[in-house]
2 protein chains.
Amino acid sequence: MTTVTIVGAGLMGTATAYPLSDNGHEVRLVGTHLDGDIITSCRDKHYHPRLKRPLPPRVRPYYVEELAEAMDGADIILSGVNSLGVHWIGKTLGPYLKPGHLVIAITKGLEATANGDLMILPDVLYSELPVDIRDQVRLAAVGGPCIAGELAGRRHSCVVFGCRDRDAVEKLASTFRTAYYHVWATTDLVGLEYGAAFKNAYTLGVGMVGGLLEKAGGPDEAGAQMHNAAAAVFAQACTEIERLLEIVGATRTFAYGLPGAGDLYVTSTGGRTVRLGHLLGAGHRYADARQILSGETLEAAEIIRMMGVALPGLTERGILSPDELPLFRALVDILVHGHPAQLPFDRFFGGQGRV
Amino acid sequence: MTTVTIVGAGLMGTATAYPLSDNGHEVRLVGTHLDGDIITSCRDKHYHPRLKRPLPPRVRPYYVEELAEAMDGADIILSGVNSLGVHWIGKTLGPYLKPGHLVIAITKGLEATANGDLMILPDVLYSELPVDIRDQVRLAAVGGPCIAGELAGRRHSCVVFGCRDRDAVEKLASTFRTAYYHVWATTDLVGLEYGAAFKNAYTLGVGMVGGLLEKAGGPDEAGAQMHNAAAAVFAQACTEIERLLEIVGATRTFAYGLPGAGDLYVTSTGGRTVRLGHLLGAGHRYADARQILSGETLEAAEIIRMMGVALPGLTERGILSPDELPLFRALVDILVHGHPAQLPFDRFFGGQGRV
């Protein structure tokens, strides 16, 4: 039996408690300072109000003030906070970490450093840890298509755990893996995180098509929608993710596996990134759209802004040719430079002229 | 100006008349013996009852008995019949074909020969042509995500034309290409057709997840569906299509481009293949499901049956290892051997044990 401390009692963090509990592990669920009401409900009624489900029986809820107690004797720590909370969780966990701890984060995203380089979030977390402990723990992350409510409902879900250390990722995978939570393991942590981040950005592109349909007046008199256009954007997204993974030296098959095509498929069914894309497609500027979606974390927009900074440099240095990544470049133009929402179909797949 | 004769006045054949007409070509639409009522409506009201739209102004409708007239002076012939009509159209067109004719088929599928080999449909069509003409014409096909009603509604649609002859495919692409019908060209006709056929089979797999959800009682009390499972099936499908294309020596990037991921995305939104998958997932045997869908052409089922014959041989000869293509093998087991509809998630992506 392993003791796992989950920090962050939102949807996804809490959902991982179900397979862990089913595997007989001791699970401690710690709310952040934003999760006080959730923890109160979990304590009083053993019910998670956002998941709309009872907690699994073996899960013990903790307020953030009880973190020291929740960390005492933990073997594995799961970070359930979103990308904005990564610095906080690094600083907060630091004092409690001990050599040999495994820390796995469910957040997807990238962060730009002061000089414009992109950092994967486990490395951001690493940078916030005390110097004497950071190399004594193993940092991991989760990728792949996983709606939290379905995992908590014990529906089949297939994900990829990534960690640079092979033993650590195998240990993590076997701890979480159940008959319904299917876990693959990779040592290409960087590729997994880049794939997830890029996928997020392209979800906005697929979502944009719905907004373009709205702007065109919706389905026409014979009911024609824009599935063909969405499918083309989807395929171009997979194609560009493959190229981006190649550029960063990552596992290219992620592009059409769980972290790429699989995750893009599930996030394209809905959620805040699709809503943002929809608003942009319908003609809203990013500033307006952001206001309409106030309160939502817009990780896709952050990735697109960061790539907007990185792309010209990559192109100038000859790493990318100017006709590569036309969809990503269009997303940058629309979101960062305020261009009208139009998709450059003719420039997809290397341009139509090619055989 | 080019004269294009479309044979088959169903949804997809007729839809191609819109870009052709917009490009100023002379378009002749010939109904088969099944399309008599459609041609009558097209003649009397210039309205296509299945597309629910007026025909483009430049399109002239013909009954099948007027084929000779419709073929007189044609430069390009488009075959708009489904896979069951390929032999018929080869036999029917044969006497009217002249050296230099370009024949493009919109049907997707494969056919098994007497000795179990798989043939692409343009080659089946070829085999039905008179010996003295078959090498004097160029045969081509269309792949990629294209719902007919959207093409007819002039919504952005991205497709790939394939023909072994580069000049022919370029001529075809430039004849059909408009500002909304985006056409790529490839000389890998075989890869394009195999990709489309495999995609059809996997659409059944994605559709099956909806049936599994129904069998499980639908969304649970907290609303959990099975999007995660569908996404995993989708990603595994792309991964297996890539492997299958490798085996047949085809363009592997089709797996995550328009013919693979793109077309799988759009066909997974609905249609007869998804309905068949749904019925199988919900617990119906194939024979029952087929009866429920009576009258529908089930190309995906044909592909799966053919692969059910081909897979053991490929595995015995060492071309495929037994742990490869677990999803396709499951589809064969369910559809051909009557196994219960279960998906082997743990065997996806090379099996969970691998890093």
# chains A, B, ... in the order shown; residues from 1 in each chain; ligands from 1
>>> select_by_dssp(residues="range 38-210 of chain A", states="strand (DSSP E or B)", output="PyMOL selection string")
chain A and resi 47-48+53-54+59-62+76-79+102-105+110-112+118-120+138-143+157-163+181-186
>>> interface_residues(of="chain B", to="chain A", cutoff="7 Å", atoms="only C-alpha atoms", output="PyMOL selection string")
chain B and resi 52-53+145-147+149-150+153+155-158+182-187+222+224-229+231-232+234-236+238-239+256-258+261-263+265-266+346+352+354-355
>>> write_last_selection(atoms="N, CA and C atoms", output="short mmCIF file (atom, residue, chain, number, x, y, z; two decimals), in the first residue's frame")
data_model
loop_
_atom_site.label_atom_id
_atom_site.label_comp_id
_atom_site.auth_asym_id
_atom_site.auth_seq_id
_atom_site.Cartn_x
_atom_site.Cartn_y
_atom_site.Cartn_z
N LYS B 52 -31.51 18.53 -51.13
CA LYS B 52 -32.44 19.61 -50.73
C LYS B 52 -31.96 20.98 -51.19
N ARG B 53 -31.46 21.00 -52.42
CA ARG B 53 -30.94 22.25 -52.98
C ARG B 53 -31.25 22.31 -54.47
N PRO B 145 -11.98 14.17 -45.77
CA PRO B 145 -13.26 14.41 -45.09
C PRO B 145 -14.18 15.34 -45.88
N CYS B 146 -15.26 14.78 -46.40
CA CYS B 146 -16.15 15.61 -47.21
C CYS B 146 -17.59 15.13 -47.12
N ILE B 147 -18.38 15.80 -46.29
CA ILE B 147 -19.81 15.55 -46.25
C ILE B 147 -20.41 16.26 -47.46
N GLY B 149 -23.36 17.33 -48.39
CA GLY B 149 -24.23 18.50 -48.20
C GLY B 149 -23.45 19.76 -47.91
N GLU B 150 -22.31 19.61 -47.27
CA GLU B 150 -21.48 20.79 -47.00
C GLU B 150 -20.76 21.26 -48.25
N GLY B 153 -23.15 23.02 -50.22
CA GLY B 153 -23.42 24.31 -49.58
C GLY B 153 -22.24 25.25 -49.64
N ARG B 155 -19.35 25.06 -48.39
CA ARG B 155 -18.57 25.20 -47.15
C ARG B 155 -17.16 24.71 -47.45
N HIS B 156 -16.18 25.26 -46.75
CA HIS B 156 -14.79 24.83 -46.95
C HIS B 156 -14.66 23.33 -46.76
N SER B 157 -14.11 22.67 -47.75
CA SER B 157 -13.88 21.23 -47.71
C SER B 157 -12.50 20.95 -48.29
N CYS B 158 -11.74 20.11 -47.60
CA CYS B 158 -10.37 19.82 -48.01
C CYS B 158 -10.26 18.34 -48.37
N HIS B 182 -10.95 22.72 -51.55
CA HIS B 182 -9.49 22.75 -51.54
C HIS B 182 -9.00 21.35 -51.87
N VAL B 183 -8.25 21.23 -52.96
CA VAL B 183 -7.88 19.91 -53.46
C VAL B 183 -6.37 19.72 -53.47
N TRP B 184 -5.90 18.70 -52.76
CA TRP B 184 -4.50 18.30 -52.82
C TRP B 184 -4.39 17.15 -53.81
N ALA B 185 -3.21 16.93 -54.32
CA ALA B 185 -3.01 15.88 -55.32
C ALA B 185 -1.90 14.95 -54.88
N THR B 186 -2.10 13.66 -55.07
CA THR B 186 -1.06 12.69 -54.76
C THR B 186 -1.00 11.64 -55.86
N THR B 187 0.20 11.11 -56.09
CA THR B 187 0.32 9.98 -57.01
C THR B 187 0.20 8.64 -56.26
N ALA B 222 -23.91 11.27 -12.37
CA ALA B 222 -23.19 12.54 -12.44
C ALA B 222 -22.94 12.98 -13.88
N ALA B 224 -21.48 11.26 -16.43
CA ALA B 224 -20.27 10.79 -17.12
C ALA B 224 -20.63 9.99 -18.36
N GLN B 225 -20.07 10.38 -19.49
CA GLN B 225 -20.25 9.64 -20.74
C GLN B 225 -19.00 8.80 -21.01
N MET B 226 -18.67 8.59 -22.27
CA MET B 226 -17.49 7.79 -22.60
C MET B 226 -16.62 8.47 -23.65
N HIS B 227 -16.46 9.79 -23.50
CA HIS B 227 -15.60 10.50 -24.44
C HIS B 227 -14.15 10.07 -24.33
N ASN B 228 -13.70 9.77 -23.12
CA ASN B 228 -12.30 9.35 -22.95
C ASN B 228 -12.04 8.07 -23.74
N ALA B 229 -12.97 7.13 -23.64
CA ALA B 229 -12.80 5.86 -24.36
C ALA B 229 -12.83 6.10 -25.87
N ALA B 231 -11.97 8.75 -27.44
CA ALA B 231 -10.71 9.43 -27.81
C ALA B 231 -9.56 8.43 -27.89
N ALA B 232 -9.54 7.47 -26.97
CA ALA B 232 -8.49 6.45 -26.99
C ALA B 232 -8.63 5.58 -28.24
N PHE B 234 -9.99 6.53 -31.00
CA PHE B 234 -9.60 7.40 -32.12
C PHE B 234 -8.08 7.42 -32.30
N ALA B 235 -7.37 7.60 -31.20
CA ALA B 235 -5.90 7.67 -31.27
C ALA B 235 -5.31 6.31 -31.68
N GLN B 236 -5.87 5.24 -31.15
CA GLN B 236 -5.39 3.92 -31.53
C GLN B 236 -5.67 3.67 -33.01
N CYS B 238 -5.75 5.94 -35.42
CA CYS B 238 -4.74 6.67 -36.20
C CYS B 238 -3.42 5.91 -36.17
N THR B 239 -3.07 5.39 -35.01
CA THR B 239 -1.81 4.66 -34.84
C THR B 239 -1.80 3.39 -35.69
N TYR B 256 -2.35 10.71 -40.28
CA TYR B 256 -2.76 11.85 -39.45
C TYR B 256 -3.10 13.08 -40.28
N GLY B 257 -3.26 12.88 -41.59
CA GLY B 257 -3.69 13.97 -42.46
C GLY B 257 -5.16 13.83 -42.83
N LEU B 258 -5.51 14.31 -44.02
CA LEU B 258 -6.91 14.30 -44.44
C LEU B 258 -7.49 12.89 -44.59
N ALA B 261 -6.82 10.76 -39.98
CA ALA B 261 -7.43 11.47 -38.85
C ALA B 261 -8.55 12.42 -39.30
N GLY B 262 -8.34 13.15 -40.40
CA GLY B 262 -9.34 14.11 -40.84
C GLY B 262 -10.65 13.44 -41.20
N ASP B 263 -10.56 12.41 -42.03
CA ASP B 263 -11.78 11.72 -42.47
C ASP B 263 -12.42 10.94 -41.32
N TYR B 265 -12.36 11.82 -38.25
CA TYR B 265 -13.00 12.83 -37.40
C TYR B 265 -14.41 13.14 -37.91
N VAL B 266 -14.53 13.33 -39.21
CA VAL B 266 -15.83 13.75 -39.73
C VAL B 266 -16.80 12.56 -39.80
N ASP B 346 -6.04 -2.24 -22.92
CA ASP B 346 -4.71 -2.52 -22.37
C ASP B 346 -3.71 -2.94 -23.44
N GLN B 352 0.50 -1.79 -22.38
CA GLN B 352 0.81 -0.80 -21.34
C GLN B 352 2.17 -0.96 -20.71
N ARG B 354 5.05 -1.15 -21.97
CA ARG B 354 6.19 -0.53 -22.65
C ARG B 354 6.43 0.92 -22.26
N VAL B 355 7.69 1.32 -22.32
CA VAL B 355 8.03 2.72 -22.05
C VAL B 355 8.51 3.35 -23.36
#
>>> residues_around(residues="Glu111 in chain B", least_positions_apart="2", cutoff="10 Å", atoms="only C-alpha atoms", output="PyMOL selection string")
chain B and resi 83-84+109+113-114+116-121+123-124+197+299+302-303+306
>>> write_last_selection(atoms="C-alpha atoms", output="mmCIF file, in the first residue's frame")
data_model
loop_
_atom_site.group_PDB
_atom_site.id
_atom_site.type_symbol
_atom_site.label_atom_id
_atom_site.label_comp_id
_atom_site.auth_asym_id
_atom_site.auth_seq_id
_atom_site.Cartn_x
_atom_site.Cartn_y
_atom_site.Cartn_z
ATOM 1 C CA SER B 83 -18.744 0.486 -53.891
ATOM 2 C CA LEU B 84 -21.422 -1.976 -54.982
ATOM 3 C CA GLY B 109 -13.369 0.845 -50.335
ATOM 4 C CA THR B 113 -10.097 -10.957 -55.155
ATOM 5 C CA ALA B 114 -10.781 -14.683 -55.462
ATOM 6 C CA GLY B 116 -7.914 -13.111 -50.973
ATOM 7 C CA ASP B 117 -5.789 -10.187 -52.121
ATOM 8 C CA LEU B 118 -7.224 -6.727 -51.622
ATOM 9 C CA MET B 119 -7.835 -4.521 -54.651
ATOM 10 C CA ILE B 120 -8.462 -0.795 -54.626
ATOM 11 C CA LEU B 121 -11.705 0.164 -56.345
ATOM 12 C CA ASP B 123 -8.331 -1.161 -60.111
ATOM 13 C CA VAL B 124 -11.624 -3.061 -59.891
ATOM 14 C CA ALA B 197 -10.875 1.957 -46.475
ATOM 15 C CA GLU B 299 -18.542 -0.717 -46.607
ATOM 16 C CA GLU B 302 -16.829 -5.460 -45.850
ATOM 17 C CA ILE B 303 -13.357 -4.113 -45.077
ATOM 18 C CA MET B 306 -11.746 -8.892 -45.748
#
>>> residues_around(residues="Pro95 in chain B", least_positions_apart="6", cutoff="9 Å", atoms="only C-alpha atoms", output="PDB file with all heavy atoms, in the first residue's frame")
ATOM      1  N   LEU B 129     -13.014  -2.729 -67.633  1.00  0.00           N
ATOM      2  CA  LEU B 129     -12.964  -1.974 -68.896  1.00  0.00           C
ATOM      3  C   LEU B 129     -12.491  -2.876 -70.027  1.00  0.00           C
ATOM      4  O   LEU B 129     -11.729  -3.817 -69.803  1.00  0.00           O
ATOM      5  CB  LEU B 129     -12.011  -0.780 -68.750  1.00  0.00           C
ATOM      6  CG  LEU B 129     -12.398   0.280 -67.712  1.00  0.00           C
ATOM      7  CD1 LEU B 129     -11.371   1.414 -67.719  1.00  0.00           C
ATOM      8  CD2 LEU B 129     -13.801   0.817 -67.970  1.00  0.00           C
ATOM      9  N   PRO B 130     -12.921  -2.579 -71.248  1.00  0.00           N
ATOM     10  CA  PRO B 130     -12.437  -3.349 -72.397  1.00  0.00           C
ATOM     11  C   PRO B 130     -10.897  -3.289 -72.461  1.00  0.00           C
ATOM     12  O   PRO B 130     -10.304  -2.255 -72.172  1.00  0.00           O
ATOM     13  CB  PRO B 130     -13.055  -2.627 -73.602  1.00  0.00           C
ATOM     14  CG  PRO B 130     -14.236  -1.896 -73.051  1.00  0.00           C
ATOM     15  CD  PRO B 130     -13.884  -1.536 -71.647  1.00  0.00           C
ATOM     16  N   ILE B 133      -8.964  -0.430 -74.182  1.00  0.00           N
ATOM     17  CA  ILE B 133      -9.049   0.962 -73.728  1.00  0.00           C
ATOM     18  C   ILE B 133      -8.460   1.168 -72.338  1.00  0.00           C
ATOM     19  O   ILE B 133      -8.019   2.266 -71.987  1.00  0.00           O
ATOM     20  CB  ILE B 133     -10.528   1.465 -73.771  1.00  0.00           C
ATOM     21  CG1 ILE B 133     -10.593   2.994 -73.647  1.00  0.00           C
ATOM     22  CG2 ILE B 133     -11.363   0.829 -72.666  1.00  0.00           C
ATOM     23  CD1 ILE B 133     -10.060   3.745 -74.825  1.00  0.00           C
TER      24      ILE B 133
END
>>> residues_around(residues="Thr107 in chain B", least_positions_apart="5", cutoff="8 Å", atoms="only C-alpha atoms", output="list of chain:residue names")
B:Ser79, B:Gly80, B:Val81, B:Asn82, B:Ser83, B:Leu121, B:Ala141, B:Val142
>>> residues_around(residues="Gly308 in chain A", least_positions_apart="3", cutoff="9 Å", atoms="only C-alpha atoms", output="VMD selection string")
chain A and resid 303 to 305 311 to 312 328 to 329 331 to 333 336
>>> select_by_dssp(residues="range 4-222 of chain A", states="helix (DSSP H, G or I)", output="PyMOL selection string")
chain A and resi 11-15+17-22+36-45+64-71+83-96+121-127+148-152+166-176+189-215
>>> closest_residue(among="A:Leu293, A:Ile89, A:Ala341, A:Ile241", to="Glu324 in chain A", atoms="only C-alpha atoms")
A:Ile241
>>> atom_distance(atom1="CA of Arg58 in chain B", atom2="CA of Thr16 in chain B")
12.6 Å
>>> atom_distance(atom1="CA of Pro19 in chain A", atom2="CA of Gly281 in chain B")
24.7 Å
>>> atom_distance(atom1="CA of Asp165 in chain B", atom2="CA of Leu102 in chain B")
10.3 Å
>>> closest_residue(among="A:Thr32, A:Thr40, A:Thr92, A:Asn115", to="Val309 in chain A", atoms="only C-alpha atoms")
A:Asn115
